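Data first, discussion second: the structure below is written as C-alpha coordinates.
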Amino acid sequence: MLRVGLTGSIATGKSTVLGMLRGKDIPTISSDDVVHELYQGPAVEPVEALFPGVTTQGRIDRRALAARLVASPGRLPELEAVVHPLVRREIEAFFAEAEARGEQIAVAEIPLLYEGGFDYGLDAVVVVVVDPALQRKRVLARPGMSVEKLEAILARQIPQAEKERRADYVVDTSRSLEETENAINRIVADLVKQGA
(Lines give C-alpha, C1' and ligand atoms only; values in the text may rest on other atoms or scores of the structure.)
Protein backbone atom coordinates (compact mmCIF):
# COMPACT_ATOMS: atom_id res chain seq x y z
CA MET A 1 0.00 0.00 0.00
CA LEU A 2 1.18 3.52 -0.78
CA ARG A 3 1.31 5.82 2.22
CA VAL A 4 0.75 9.37 1.00
CA GLY A 5 1.21 12.56 3.00
CA LEU A 6 -0.76 15.69 2.19
CA THR A 7 0.65 18.96 3.45
CA GLY A 8 0.81 22.68 2.78
CA SER A 9 0.83 25.99 4.57
CA ILE A 10 -2.20 27.58 6.20
CA ALA A 11 -5.21 28.26 3.91
CA THR A 12 -3.72 26.61 0.85
CA GLY A 13 -6.73 24.31 0.39
CA LYS A 14 -5.58 21.11 2.10
CA SER A 15 -9.09 20.29 3.38
CA THR A 16 -10.57 20.78 -0.09
CA VAL A 17 -7.98 18.49 -1.66
CA LEU A 18 -8.44 15.91 1.11
CA GLY A 19 -12.19 15.97 0.46
CA MET A 20 -11.61 15.38 -3.25
CA LEU A 21 -9.40 12.38 -2.46
CA ARG A 22 -12.01 11.02 -0.04
CA GLY A 23 -14.59 11.43 -2.80
CA LYS A 24 -12.53 8.98 -4.88
CA ASP A 25 -12.94 6.32 -2.14
CA ILE A 26 -9.36 6.77 -0.97
CA PRO A 27 -9.04 6.34 2.82
CA THR A 28 -8.01 9.65 4.40
CA ILE A 29 -7.24 11.02 7.83
CA SER A 30 -6.85 14.65 8.92
CA SER A 31 -4.40 15.55 11.68
CA ASP A 32 -6.66 18.45 12.63
CA ASP A 33 -9.59 16.05 13.12
CA VAL A 34 -7.36 13.76 15.17
CA VAL A 35 -6.34 16.66 17.42
CA HIS A 36 -10.00 17.62 17.82
CA GLU A 37 -10.77 14.06 18.99
CA LEU A 38 -7.72 13.96 21.27
CA TYR A 39 -8.86 17.22 22.89
CA GLN A 40 -12.01 15.37 23.97
CA GLY A 41 -10.15 12.30 25.25
CA PRO A 42 -6.53 11.18 25.73
CA ALA A 43 -4.96 14.66 25.51
CA VAL A 44 -7.26 16.34 28.05
CA GLU A 45 -5.40 15.37 31.21
CA PRO A 46 -1.82 16.09 30.03
CA VAL A 47 -2.79 19.38 28.33
CA GLU A 48 -4.76 20.54 31.38
CA ALA A 49 -1.72 19.70 33.54
CA LEU A 50 0.42 21.99 31.35
CA PHE A 51 -2.17 24.77 31.03
CA PRO A 52 -4.48 24.65 34.06
CA GLY A 53 -7.94 26.04 33.33
CA VAL A 54 -8.17 25.25 29.60
CA THR A 55 -10.64 22.40 30.14
CA THR A 56 -14.41 22.92 29.95
CA GLN A 57 -16.83 20.04 30.55
CA GLY A 58 -14.08 17.45 30.20
CA ARG A 59 -12.76 18.83 26.89
CA ILE A 60 -9.94 21.13 25.93
CA ASP A 61 -11.36 24.56 25.10
CA ARG A 62 -9.36 25.37 21.97
CA ARG A 63 -9.96 29.11 22.27
CA ALA A 64 -8.78 29.18 25.86
CA LEU A 65 -5.71 27.16 24.91
CA ALA A 66 -5.01 29.44 21.92
CA ALA A 67 -5.27 32.50 24.18
CA ARG A 68 -2.73 30.98 26.58
CA LEU A 69 -0.35 30.25 23.70
CA VAL A 70 -0.71 33.77 22.31
CA ALA A 71 0.21 35.09 25.76
CA SER A 72 3.14 32.63 26.08
CA PRO A 73 4.22 31.53 22.57
CA GLY A 74 7.42 30.02 23.96
CA ARG A 75 5.32 27.27 25.56
CA LEU A 76 4.12 25.85 22.23
CA PRO A 77 6.89 23.19 22.15
CA GLU A 78 5.59 21.87 25.50
CA LEU A 79 2.14 21.39 23.99
CA GLU A 80 3.56 19.80 20.85
CA ALA A 81 5.64 17.38 22.96
CA VAL A 82 2.39 16.06 24.44
CA VAL A 83 0.07 16.18 21.41
CA HIS A 84 2.30 15.27 18.46
CA PRO A 85 3.18 11.73 19.66
CA LEU A 86 -0.54 11.03 20.18
CA VAL A 87 -1.32 12.28 16.64
CA ARG A 88 1.50 10.19 15.16
CA ARG A 89 0.16 7.09 16.92
CA GLU A 90 -3.31 7.67 15.42
CA ILE A 91 -1.90 8.19 11.91
CA GLU A 92 0.20 5.04 12.18
CA ALA A 93 -2.88 3.07 13.29
CA PHE A 94 -4.85 4.53 10.35
CA PHE A 95 -2.20 3.42 7.84
CA ALA A 96 -1.93 -0.03 9.44
CA GLU A 97 -5.71 -0.54 9.33
CA ALA A 98 -5.94 0.64 5.70
CA GLU A 99 -3.16 -1.74 4.71
CA ALA A 100 -4.80 -4.63 6.58
CA ARG A 101 -8.01 -3.99 4.59
CA GLY A 102 -6.04 -4.28 1.34
CA GLU A 103 -6.29 -0.62 0.32
CA GLN A 104 -4.01 0.46 -2.52
CA ILE A 105 -3.49 4.07 -1.32
CA ALA A 106 -4.14 5.89 1.97
CA VAL A 107 -3.66 9.61 2.57
CA ALA A 108 -2.83 11.44 5.80
CA GLU A 109 -3.18 15.22 5.94
CA ILE A 110 -0.28 16.44 8.08
CA PRO A 111 -0.07 20.26 8.02
CA LEU A 112 3.31 20.42 9.78
CA LEU A 113 4.81 17.40 8.02
CA TYR A 114 8.11 19.06 7.15
CA GLU A 115 8.23 21.28 10.21
CA GLY A 116 7.68 18.33 12.56
CA GLY A 117 10.65 16.41 11.22
CA PHE A 118 8.99 13.01 11.82
CA ASP A 119 9.30 10.26 9.23
CA TYR A 120 5.91 8.61 8.73
CA GLY A 121 7.34 6.13 6.24
CA LEU A 122 5.57 7.95 3.42
CA ASP A 123 5.88 6.78 -0.16
CA ALA A 124 4.87 10.15 -1.63
CA VAL A 125 4.04 13.68 -0.52
CA VAL A 126 1.45 15.97 -2.10
CA VAL A 127 1.98 19.65 -1.32
CA VAL A 128 -0.91 22.08 -1.72
CA VAL A 129 0.10 25.64 -2.64
CA VAL A 130 -1.75 28.86 -3.40
CA ASP A 131 -0.91 32.36 -4.54
CA PRO A 132 0.32 34.26 -1.43
CA ALA A 133 -2.18 37.11 -1.92
CA LEU A 134 -5.07 34.64 -2.08
CA GLN A 135 -3.68 32.77 0.92
CA ARG A 136 -3.62 36.00 2.93
CA LYS A 137 -7.18 36.84 1.88
CA ARG A 138 -8.42 33.35 2.86
CA VAL A 139 -6.71 33.42 6.25
CA LEU A 140 -7.82 36.92 7.20
CA ALA A 141 -11.44 35.99 6.39
CA ARG A 142 -11.36 33.40 9.18
CA PRO A 143 -13.06 34.31 12.48
CA GLY A 144 -10.65 35.51 15.15
CA MET A 145 -7.76 35.88 12.72
CA SER A 146 -5.52 38.94 12.66
CA VAL A 147 -2.50 40.03 10.62
CA GLU A 148 -0.32 39.49 13.71
CA LYS A 149 -1.61 35.96 14.23
CA LEU A 150 -1.12 35.16 10.54
CA GLU A 151 2.46 36.44 10.63
CA ALA A 152 3.17 34.33 13.72
CA ILE A 153 1.78 31.22 12.01
CA LEU A 154 3.71 31.81 8.78
CA ALA A 155 6.92 32.41 10.76
CA ARG A 156 6.63 28.84 12.11
CA GLN A 157 5.97 27.27 8.72
CA ILE A 158 8.47 26.41 6.02
CA PRO A 159 7.87 28.72 3.01
CA GLN A 160 5.59 27.37 0.28
CA ALA A 161 8.42 27.40 -2.27
CA GLU A 162 10.53 25.09 -0.08
CA LYS A 163 7.61 22.69 0.46
CA GLU A 164 7.00 22.69 -3.28
CA ARG A 165 10.66 21.83 -3.88
CA ARG A 166 10.44 18.81 -1.54
CA ALA A 167 7.12 17.54 -2.91
CA ASP A 168 6.51 14.54 -5.13
CA TYR A 169 3.32 16.23 -6.36
CA VAL A 170 2.11 19.83 -6.20
CA VAL A 171 -1.50 21.03 -6.36
CA ASP A 172 -2.06 24.78 -6.86
CA THR A 173 -5.50 25.76 -5.55
CA SER A 174 -5.24 29.30 -6.92
CA ARG A 175 -7.02 27.90 -9.96
CA SER A 176 -10.63 26.73 -10.29
CA LEU A 177 -12.05 23.76 -8.39
CA GLU A 178 -12.30 21.92 -11.71
CA GLU A 179 -8.59 22.44 -12.40
CA THR A 180 -7.78 21.33 -8.85
CA GLU A 181 -9.90 18.19 -9.34
CA ASN A 182 -8.12 17.49 -12.65
CA ALA A 183 -4.75 17.79 -10.90
CA ILE A 184 -5.93 15.34 -8.22
CA ASN A 185 -7.12 12.90 -10.90
CA ARG A 186 -3.68 12.96 -12.53
CA ILE A 187 -1.95 12.37 -9.18
CA VAL A 188 -4.25 9.50 -8.25
CA ALA A 189 -3.75 7.87 -11.66
CA ASP A 190 0.02 8.09 -11.21
CA LEU A 191 -0.15 6.67 -7.66
CA VAL A 192 -2.33 3.78 -8.84
CA LYS A 193 0.28 2.99 -11.50
CA GLN A 194 3.03 3.08 -8.86
CA GLY A 195 1.09 0.79 -6.57
CA ALA A 196 0.21 -1.71 -9.30
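Lettering and numbering for the C-alpha coordinates are positional, with chains as A, B, ... in the shown order, residues counted from 1 in each chain, and ligands counted from 1 in the shown order.
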As a count of residues only, which residues of chain A does DSSP assign to strand (DSSP E)?
-> 29
Within 7 Å of Tyr169 of chain A using only C-alpha atoms, minus same-chain residues under 2 positions, as a list in words | Val125, Val126, Val127, Ala167 and Val171 of chain A
Next, the residues of the selection above should be written as a PDB file, in the first residue's frame with N, CA and C atoms.
ATOM      1  N   VAL A 125       4.588  12.499  -1.194  1.00  0.00           N
ATOM      2  CA  VAL A 125       4.037  13.677  -0.521  1.00  0.00           C
ATOM      3  C   VAL A 125       3.411  14.600  -1.559  1.00  0.00           C
ATOM      4  N   VAL A 126       2.170  14.990  -1.277  1.00  0.00           N
ATOM      5  CA  VAL A 126       1.450  15.966  -2.096  1.00  0.00           C
ATOM      6  C   VAL A 126       1.462  17.284  -1.323  1.00  0.00           C
ATOM      7  N   VAL A 127       1.959  18.325  -1.948  1.00  0.00           N
ATOM      8  CA  VAL A 127       1.975  19.651  -1.318  1.00  0.00           C
ATOM      9  C   VAL A 127       0.942  20.532  -2.018  1.00  0.00           C
ATOM     10  N   ALA A 167       8.302  18.350  -2.594  1.00  0.00           N
ATOM     11  CA  ALA A 167       7.116  17.540  -2.912  1.00  0.00           C
ATOM     12  C   ALA A 167       7.348  16.546  -4.038  1.00  0.00           C
ATOM     13  N   VAL A 171      -0.163  20.615  -5.934  1.00  0.00           N
ATOM     14  CA  VAL A 171      -1.503  21.031  -6.359  1.00  0.00           C
ATOM     15  C   VAL A 171      -1.632  22.512  -6.035  1.00  0.00           C
TER      16      VAL A 171
END
Determine, counting only C-alpha atoms, which protein, DNA and RNA residues have an atom within 12 Å of an atom of Asp168 of chain A; residues of the same chain fewer than 5 positions away are not included. Present the result as a PyMOL selection string.
-> chain A and resi 4-7+122-128+163+187+190-191
A:Ala43, A:Leu21, A:Ile10, A:Leu134: which is nearest Glu181 of chain A, counting only C-alpha atoms?
->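 The closest residue to Glu181 of chain A is A:Leu21.
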Report as a PyMOL selection string: the residues of segment 1-192 of chain A with a DSSP assignment of helix (DSSP H, G or I), based on the backbone of this structure.
-> chain A and resi 14-22+31-38+44-50+62-71+73-100+113-116+132-140+147-156+160-166+177-192
Please report, as a tab-separated table, each residue of segment 31-81 of chain A lying at most 10 Å from segment 90-102 of chain A, together with the nearest pair of atoms and the separation in Å rounded to one decimal; use only C-alpha atoms, and order rows by chain and ascending residue number.
residue	atom	partner	partner_atom	distance
A:Ser31	CA	A:Ile91	CA	7.8
A:Val34	CA	A:Glu90	CA	7.3
A:Val35	CA	A:Glu90	CA	9.7
A:Leu38	CA	A:Glu90	CA	9.7
Contacts of Leu177 of chain A within 10 Å, only C-alpha atoms, excl. fewer than 5 positions in-chain, as a ChimeraX atom specification = /A:16-17,20,182-183
Keeping only N, CA, C and O atoms, take the residues you just selected and write them out as an mmCIF file, in the first residue's frame.
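The resulting file, out34.cif, is reproduced below:
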data_model
loop_
_atom_site.group_PDB
_atom_site.id
_atom_site.type_symbol
_atom_site.label_atom_id
_atom_site.label_comp_id
_atom_site.auth_asym_id
_atom_site.auth_seq_id
_atom_site.Cartn_x
_atom_site.Cartn_y
_atom_site.Cartn_z
ATOM 1 N N THR A 16 -9.869 20.965 1.181
ATOM 2 C CA THR A 16 -10.572 20.780 -0.093
ATOM 3 C C THR A 16 -9.977 19.613 -0.865
ATOM 4 O O THR A 16 -10.700 18.745 -1.365
ATOM 5 N N VAL A 17 -8.663 19.574 -0.948
ATOM 6 C CA VAL A 17 -7.976 18.487 -1.663
ATOM 7 C C VAL A 17 -8.231 17.155 -0.960
ATOM 8 O O VAL A 17 -8.508 16.139 -1.616
ATOM 9 N N MET A 20 -11.582 15.916 -1.884
ATOM 10 C CA MET A 20 -11.606 15.377 -3.250
ATOM 11 C C MET A 20 -11.051 13.953 -3.274
ATOM 12 O O MET A 20 -11.580 13.074 -3.955
ATOM 13 N N ASN A 182 -8.879 18.106 -11.557
ATOM 14 C CA ASN A 182 -8.118 17.487 -12.646
ATOM 15 C C ASN A 182 -6.695 17.138 -12.195
ATOM 16 O O ASN A 182 -6.167 16.079 -12.536
ATOM 17 N N ALA A 183 -6.097 18.038 -11.423
ATOM 18 C CA ALA A 183 -4.748 17.785 -10.901
ATOM 19 C C ALA A 183 -4.764 16.571 -9.974
ATOM 20 O O ALA A 183 -3.866 15.715 -10.035
#
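Going from atom CA of Glu164 of chain A to atom CA of Ala66 of chain A covers 28.7 Å.
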Excluding same-chain residues fewer than 5 positions from Pro159 of chain A, what lies within 12 Å of it counting only C-alpha atoms, as a PDB file with all heavy atoms, in the first residue's frame?
ATOM      1  N   GLY A   8       0.837  21.346   3.376  1.00  0.00           N
ATOM      2  CA  GLY A   8       0.815  22.679   2.783  1.00  0.00           C
ATOM      3  C   GLY A   8       0.678  23.699   3.889  1.00  0.00           C
ATOM      4  O   GLY A   8       0.327  23.353   5.022  1.00  0.00           O
ATOM      5  N   SER A   9       0.931  24.925   3.583  1.00  0.00           N
ATOM      6  CA  SER A   9       0.829  25.994   4.567  1.00  0.00           C
ATOM      7  C   SER A   9      -0.636  26.302   4.870  1.00  0.00           C
ATOM      8  O   SER A   9      -1.544  25.748   4.245  1.00  0.00           O
ATOM      9  CB  SER A   9       1.549  27.243   4.060  1.00  0.00           C
ATOM     10  OG  SER A   9       2.925  26.964   3.884  1.00  0.00           O
ATOM     11  N   ILE A  10      -0.853  27.195   5.806  1.00  0.00           N
ATOM     12  CA  ILE A  10      -2.204  27.584   6.204  1.00  0.00           C
ATOM     13  C   ILE A  10      -2.988  28.142   5.010  1.00  0.00           C
ATOM     14  O   ILE A  10      -2.437  28.870   4.188  1.00  0.00           O
ATOM     15  CB  ILE A  10      -2.156  28.615   7.369  1.00  0.00           C
ATOM     16  CG1 ILE A  10      -3.571  28.908   7.884  1.00  0.00           C
ATOM     17  CG2 ILE A  10      -1.417  29.888   6.960  1.00  0.00           C
ATOM     18  CD1 ILE A  10      -3.604  29.731   9.154  1.00  0.00           C
ATOM     19  N   THR A  12      -4.090  26.930   2.237  1.00  0.00           N
ATOM     20  CA  THR A  12      -3.720  26.610   0.854  1.00  0.00           C
ATOM     21  C   THR A  12      -4.765  25.724   0.179  1.00  0.00           C
ATOM     22  O   THR A  12      -4.712  25.539  -1.041  1.00  0.00           O
ATOM     23  CB  THR A  12      -2.339  25.923   0.791  1.00  0.00           C
ATOM     24  OG1 THR A  12      -2.330  24.814   1.701  1.00  0.00           O
ATOM     25  CG2 THR A  12      -1.213  26.893   1.139  1.00  0.00           C
ATOM     26  N   LEU A 112       1.928  20.097   9.414  1.00  0.00           N
ATOM     27  CA  LEU A 112       3.312  20.421   9.778  1.00  0.00           C
ATOM     28  C   LEU A 112       4.244  19.242   9.489  1.00  0.00           C
ATOM     29  O   LEU A 112       5.159  18.963  10.261  1.00  0.00           O
ATOM     30  CB  LEU A 112       3.383  20.834  11.253  1.00  0.00           C
ATOM     31  CG  LEU A 112       2.586  22.093  11.616  1.00  0.00           C
ATOM     32  CD1 LEU A 112       2.641  22.355  13.113  1.00  0.00           C
ATOM     33  CD2 LEU A 112       3.072  23.307  10.836  1.00  0.00           C
ATOM     34  N   TYR A 114       6.692  18.727   7.262  1.00  0.00           N
ATOM     35  CA  TYR A 114       8.112  19.058   7.145  1.00  0.00           C
ATOM     36  C   TYR A 114       8.630  19.733   8.412  1.00  0.00           C
ATOM     37  O   TYR A 114       9.748  19.489   8.847  1.00  0.00           O
ATOM     38  CB  TYR A 114       8.360  19.953   5.927  1.00  0.00           C
ATOM     39  CG  TYR A 114       8.088  19.259   4.619  1.00  0.00           C
ATOM     40  CD1 TYR A 114       7.242  19.816   3.666  1.00  0.00           C
ATOM     41  CD2 TYR A 114       8.676  18.032   4.316  1.00  0.00           C
ATOM     42  CE1 TYR A 114       7.000  19.185   2.457  1.00  0.00           C
ATOM     43  CE2 TYR A 114       8.428  17.390   3.111  1.00  0.00           C
ATOM     44  CZ  TYR A 114       7.592  17.971   2.186  1.00  0.00           C
ATOM     45  OH  TYR A 114       7.348  17.337   0.994  1.00  0.00           O
ATOM     46  N   GLU A 115       7.797  20.567   9.009  1.00  0.00           N
ATOM     47  CA  GLU A 115       8.225  21.284  10.212  1.00  0.00           C
ATOM     48  C   GLU A 115       8.436  20.324  11.391  1.00  0.00           C
ATOM     49  O   GLU A 115       9.304  20.521  12.222  1.00  0.00           O
ATOM     50  CB  GLU A 115       7.180  22.342  10.599  1.00  0.00           C
ATOM     51  CG  GLU A 115       7.078  23.502   9.627  1.00  0.00           C
ATOM     52  CD  GLU A 115       6.171  23.223   8.426  1.00  0.00           C
ATOM     53  OE1 GLU A 115       5.727  22.071   8.235  1.00  0.00           O
ATOM     54  OE2 GLU A 115       5.905  24.168   7.680  1.00  0.00           O
ATOM     55  N   VAL A 127       1.959  18.325  -1.948  1.00  0.00           N
ATOM     56  CA  VAL A 127       1.975  19.651  -1.318  1.00  0.00           C
ATOM     57  C   VAL A 127       0.942  20.532  -2.018  1.00  0.00           C
ATOM     58  O   VAL A 127       0.913  20.612  -3.245  1.00  0.00           O
ATOM     59  CB  VAL A 127       3.373  20.296  -1.383  1.00  0.00           C
ATOM     60  CG1 VAL A 127       3.327  21.758  -0.958  1.00  0.00           C
ATOM     61  CG2 VAL A 127       4.346  19.531  -0.495  1.00  0.00           C
ATOM     62  N   VAL A 128       0.101  21.161  -1.201  1.00  0.00           N
ATOM     63  CA  VAL A 128      -0.908  22.078  -1.716  1.00  0.00           C
ATOM     64  C   VAL A 128      -0.364  23.492  -1.556  1.00  0.00           C
ATOM     65  O   VAL A 128       0.099  23.878  -0.481  1.00  0.00           O
ATOM     66  CB  VAL A 128      -2.241  21.921  -0.939  1.00  0.00           C
ATOM     67  CG1 VAL A 128      -3.308  22.823  -1.530  1.00  0.00           C
ATOM     68  CG2 VAL A 128      -2.695  20.470  -0.957  1.00  0.00           C
ATOM     69  N   VAL A 129      -0.392  24.256  -2.656  1.00  0.00           N
ATOM     70  CA  VAL A 129       0.102  25.638  -2.636  1.00  0.00           C
ATOM     71  C   VAL A 129      -0.983  26.562  -3.167  1.00  0.00           C
ATOM     72  O   VAL A 129      -1.954  26.117  -3.789  1.00  0.00           O
ATOM     73  CB  VAL A 129       1.400  25.807  -3.474  1.00  0.00           C
ATOM     74  CG1 VAL A 129       2.532  24.964  -2.917  1.00  0.00           C
ATOM     75  CG2 VAL A 129       1.156  25.487  -4.937  1.00  0.00           C
ATOM     76  N   VAL A 130      -0.802  27.849  -2.914  1.00  0.00           N
ATOM     77  CA  VAL A 130      -1.752  28.857  -3.397  1.00  0.00           C
ATOM     78  C   VAL A 130      -0.999  30.175  -3.537  1.00  0.00           C
ATOM     79  O   VAL A 130       0.025  30.395  -2.870  1.00  0.00           O
ATOM     80  CB  VAL A 130      -2.958  28.983  -2.422  1.00  0.00           C
ATOM     81  CG1 VAL A 130      -2.560  29.664  -1.121  1.00  0.00           C
ATOM     82  CG2 VAL A 130      -4.128  29.699  -3.076  1.00  0.00           C
ATOM     83  N   PRO A 132       0.228  33.647  -2.755  1.00  0.00           N
ATOM     84  CA  PRO A 132       0.316  34.258  -1.425  1.00  0.00           C
ATOM     85  C   PRO A 132      -0.758  35.317  -1.139  1.00  0.00           C
ATOM     86  O   PRO A 132      -1.244  35.417  -0.009  1.00  0.00           O
ATOM     87  CB  PRO A 132       1.718  34.867  -1.396  1.00  0.00           C
ATOM     88  CG  PRO A 132       2.498  34.033  -2.357  1.00  0.00           C
ATOM     89  CD  PRO A 132       1.526  33.659  -3.441  1.00  0.00           C
ATOM     90  N   ILE A 153       1.953  32.565  12.571  1.00  0.00           N
ATOM     91  CA  ILE A 153       1.775  31.218  12.006  1.00  0.00           C
ATOM     92  C   ILE A 153       2.751  30.991  10.861  1.00  0.00           C
ATOM     93  O   ILE A 153       3.437  29.967  10.802  1.00  0.00           O
ATOM     94  CB  ILE A 153       0.319  31.015  11.528  1.00  0.00           C
ATOM     95  CG1 ILE A 153      -0.631  30.961  12.738  1.00  0.00           C
ATOM     96  CG2 ILE A 153       0.190  29.756  10.680  1.00  0.00           C
ATOM     97  CD1 ILE A 153      -2.097  31.057  12.376  1.00  0.00           C
ATOM     98  N   LEU A 154       2.828  31.955   9.940  1.00  0.00           N
ATOM     99  CA  LEU A 154       3.714  31.814   8.779  1.00  0.00           C
ATOM    100  C   LEU A 154       5.180  31.740   9.191  1.00  0.00           C
ATOM    101  O   LEU A 154       5.977  31.059   8.541  1.00  0.00           O
ATOM    102  CB  LEU A 154       3.485  32.960   7.787  1.00  0.00           C
ATOM    103  CG  LEU A 154       2.137  32.939   7.062  1.00  0.00           C
ATOM    104  CD1 LEU A 154       1.984  34.180   6.186  1.00  0.00           C
ATOM    105  CD2 LEU A 154       1.975  31.673   6.219  1.00  0.00           C
ATOM    106  N   GLU A 164       7.199  23.066  -1.881  1.00  0.00           N
ATOM    107  CA  GLU A 164       7.002  22.693  -3.281  1.00  0.00           C
ATOM    108  C   GLU A 164       8.238  21.960  -3.817  1.00  0.00           C
ATOM    109  O   GLU A 164       8.122  20.963  -4.525  1.00  0.00           O
ATOM    110  CB  GLU A 164       6.736  23.962  -4.090  1.00  0.00           C
ATOM    111  CG  GLU A 164       6.072  23.727  -5.406  1.00  0.00           C
ATOM    112  CD  GLU A 164       5.588  25.016  -6.063  1.00  0.00           C
ATOM    113  OE1 GLU A 164       5.454  26.054  -5.387  1.00  0.00           O
ATOM    114  OE2 GLU A 164       5.351  24.962  -7.277  1.00  0.00           O
ATOM    115  N   ARG A 165       9.408  22.440  -3.435  1.00  0.00           N
ATOM    116  CA  ARG A 165      10.663  21.833  -3.879  1.00  0.00           C
ATOM    117  C   ARG A 165      10.793  20.395  -3.372  1.00  0.00           C
ATOM    118  O   ARG A 165      11.303  19.519  -4.066  1.00  0.00           O
ATOM    119  CB  ARG A 165      11.844  22.685  -3.393  1.00  0.00           C
ATOM    120  CG  ARG A 165      13.188  22.291  -3.990  1.00  0.00           C
ATOM    121  CD  ARG A 165      14.333  23.053  -3.370  1.00  0.00           C
ATOM    122  NE  ARG A 165      14.559  22.721  -1.970  1.00  0.00           N
ATOM    123  CZ  ARG A 165      15.091  21.584  -1.526  1.00  0.00           C
ATOM    124  NH1 ARG A 165      15.453  20.645  -2.370  1.00  0.00           N
ATOM    125  NH2 ARG A 165      15.274  21.382  -0.234  1.00  0.00           N
ATOM    126  N   ARG A 166      10.309  20.143  -2.156  1.00  0.00           N
ATOM    127  CA  ARG A 166      10.444  18.814  -1.541  1.00  0.00           C
ATOM    128  C   ARG A 166       9.350  17.838  -1.981  1.00  0.00           C
ATOM    129  O   ARG A 166       9.457  16.642  -1.739  1.00  0.00           O
ATOM    130  CB  ARG A 166      10.369  18.937  -0.013  1.00  0.00           C
ATOM    131  CG  ARG A 166      11.496  19.720   0.612  1.00  0.00           C
ATOM    132  CD  ARG A 166      11.377  19.633   2.109  1.00  0.00           C
ATOM    133  NE  ARG A 166      12.270  20.546   2.807  1.00  0.00           N
ATOM    134  CZ  ARG A 166      12.417  20.572   4.126  1.00  0.00           C
ATOM    135  NH1 ARG A 166      11.727  19.732   4.879  1.00  0.00           N
ATOM    136  NH2 ARG A 166      13.230  21.419   4.685  1.00  0.00           N
TER     137      ARG A 166
END
Write out as a ChimeraX atom specification which residues come within 8 Å of Leu65 of chain A when counting only C-alpha atoms, dropping same-chain ones fewer than 5 positions away.
-> /A:51,54,60
Neighbour list for Leu50 of chain A as a ChimeraX atom specification, cut-off 8 Å, only C-alpha atoms, skip fewer than 3 positions in-chain = /A:46-47,78-79
Output the selection as an mmCIF file, in the first residue's frame - N, CA and C atoms for each residue.
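Once everything was written out, this is part_37.cif:
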data_model
loop_
_atom_site.group_PDB
_atom_site.id
_atom_site.type_symbol
_atom_site.label_atom_id
_atom_site.label_comp_id
_atom_site.auth_asym_id
_atom_site.auth_seq_id
_atom_site.Cartn_x
_atom_site.Cartn_y
_atom_site.Cartn_z
ATOM 1 N N PRO A 46 -3.169 15.505 30.116
ATOM 2 C CA PRO A 46 -1.822 16.090 30.033
ATOM 3 C C PRO A 46 -1.813 17.561 29.611
ATOM 4 N N VAL A 47 -2.752 17.976 28.751
ATOM 5 C CA VAL A 47 -2.789 19.385 28.334
ATOM 6 C C VAL A 47 -3.272 20.264 29.490
ATOM 7 N N GLU A 78 6.075 22.737 24.423
ATOM 8 C CA GLU A 78 5.586 21.871 25.500
ATOM 9 C C GLU A 78 4.298 21.178 25.080
ATOM 10 N N LEU A 79 3.401 21.952 24.463
ATOM 11 C CA LEU A 79 2.136 21.387 23.995
ATOM 12 C C LEU A 79 2.392 20.358 22.901
#
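Here atom CA of Arg138 of chain A stands at a distance of 19.7 Å from atom CA of Ser30 of chain A.
The smallest atom-to-atom distance between Gly117 of chain A and any of A:Leu69, A:Ile184, A:Ile158, A:Leu76, using only C-alpha atoms, is found for A:Ile158.
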In terms of the shortest atom-to-atom distance over only C-alpha atoms, which of A:Ala161, A:Ala141, A:Ala81, A:Ala64 is closest to Pro52 of chain A?
->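 Of all the options, A:Ala64 lies closest to Pro52 of chain A.
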The distance between atom CA of Leu113 of chain A and atom CA of Thr55 of chain A is 27.4 Å
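In this comparison, which uses only C-alpha atoms, the residue of A:Ser176, A:Gly74, A:Gly116, A:Lys193 approaching Gln157 of chain A most closely is A:Gly116.
Of the listed residues A:Ala152, A:Ala11, A:Ala108, A:Val147, the one whose atoms come nearest to Val87 of chain A is A:Ala108, with distances taken using only C-alpha atoms.
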Taking into account only C-alpha atoms, which residue in the set A:Leu150, A:Arg88, A:Glu37, A:Met1 is nearest to Glu109 of chain A?
->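 Selected residue with least distance to Glu109 of chain A: A:Arg88.
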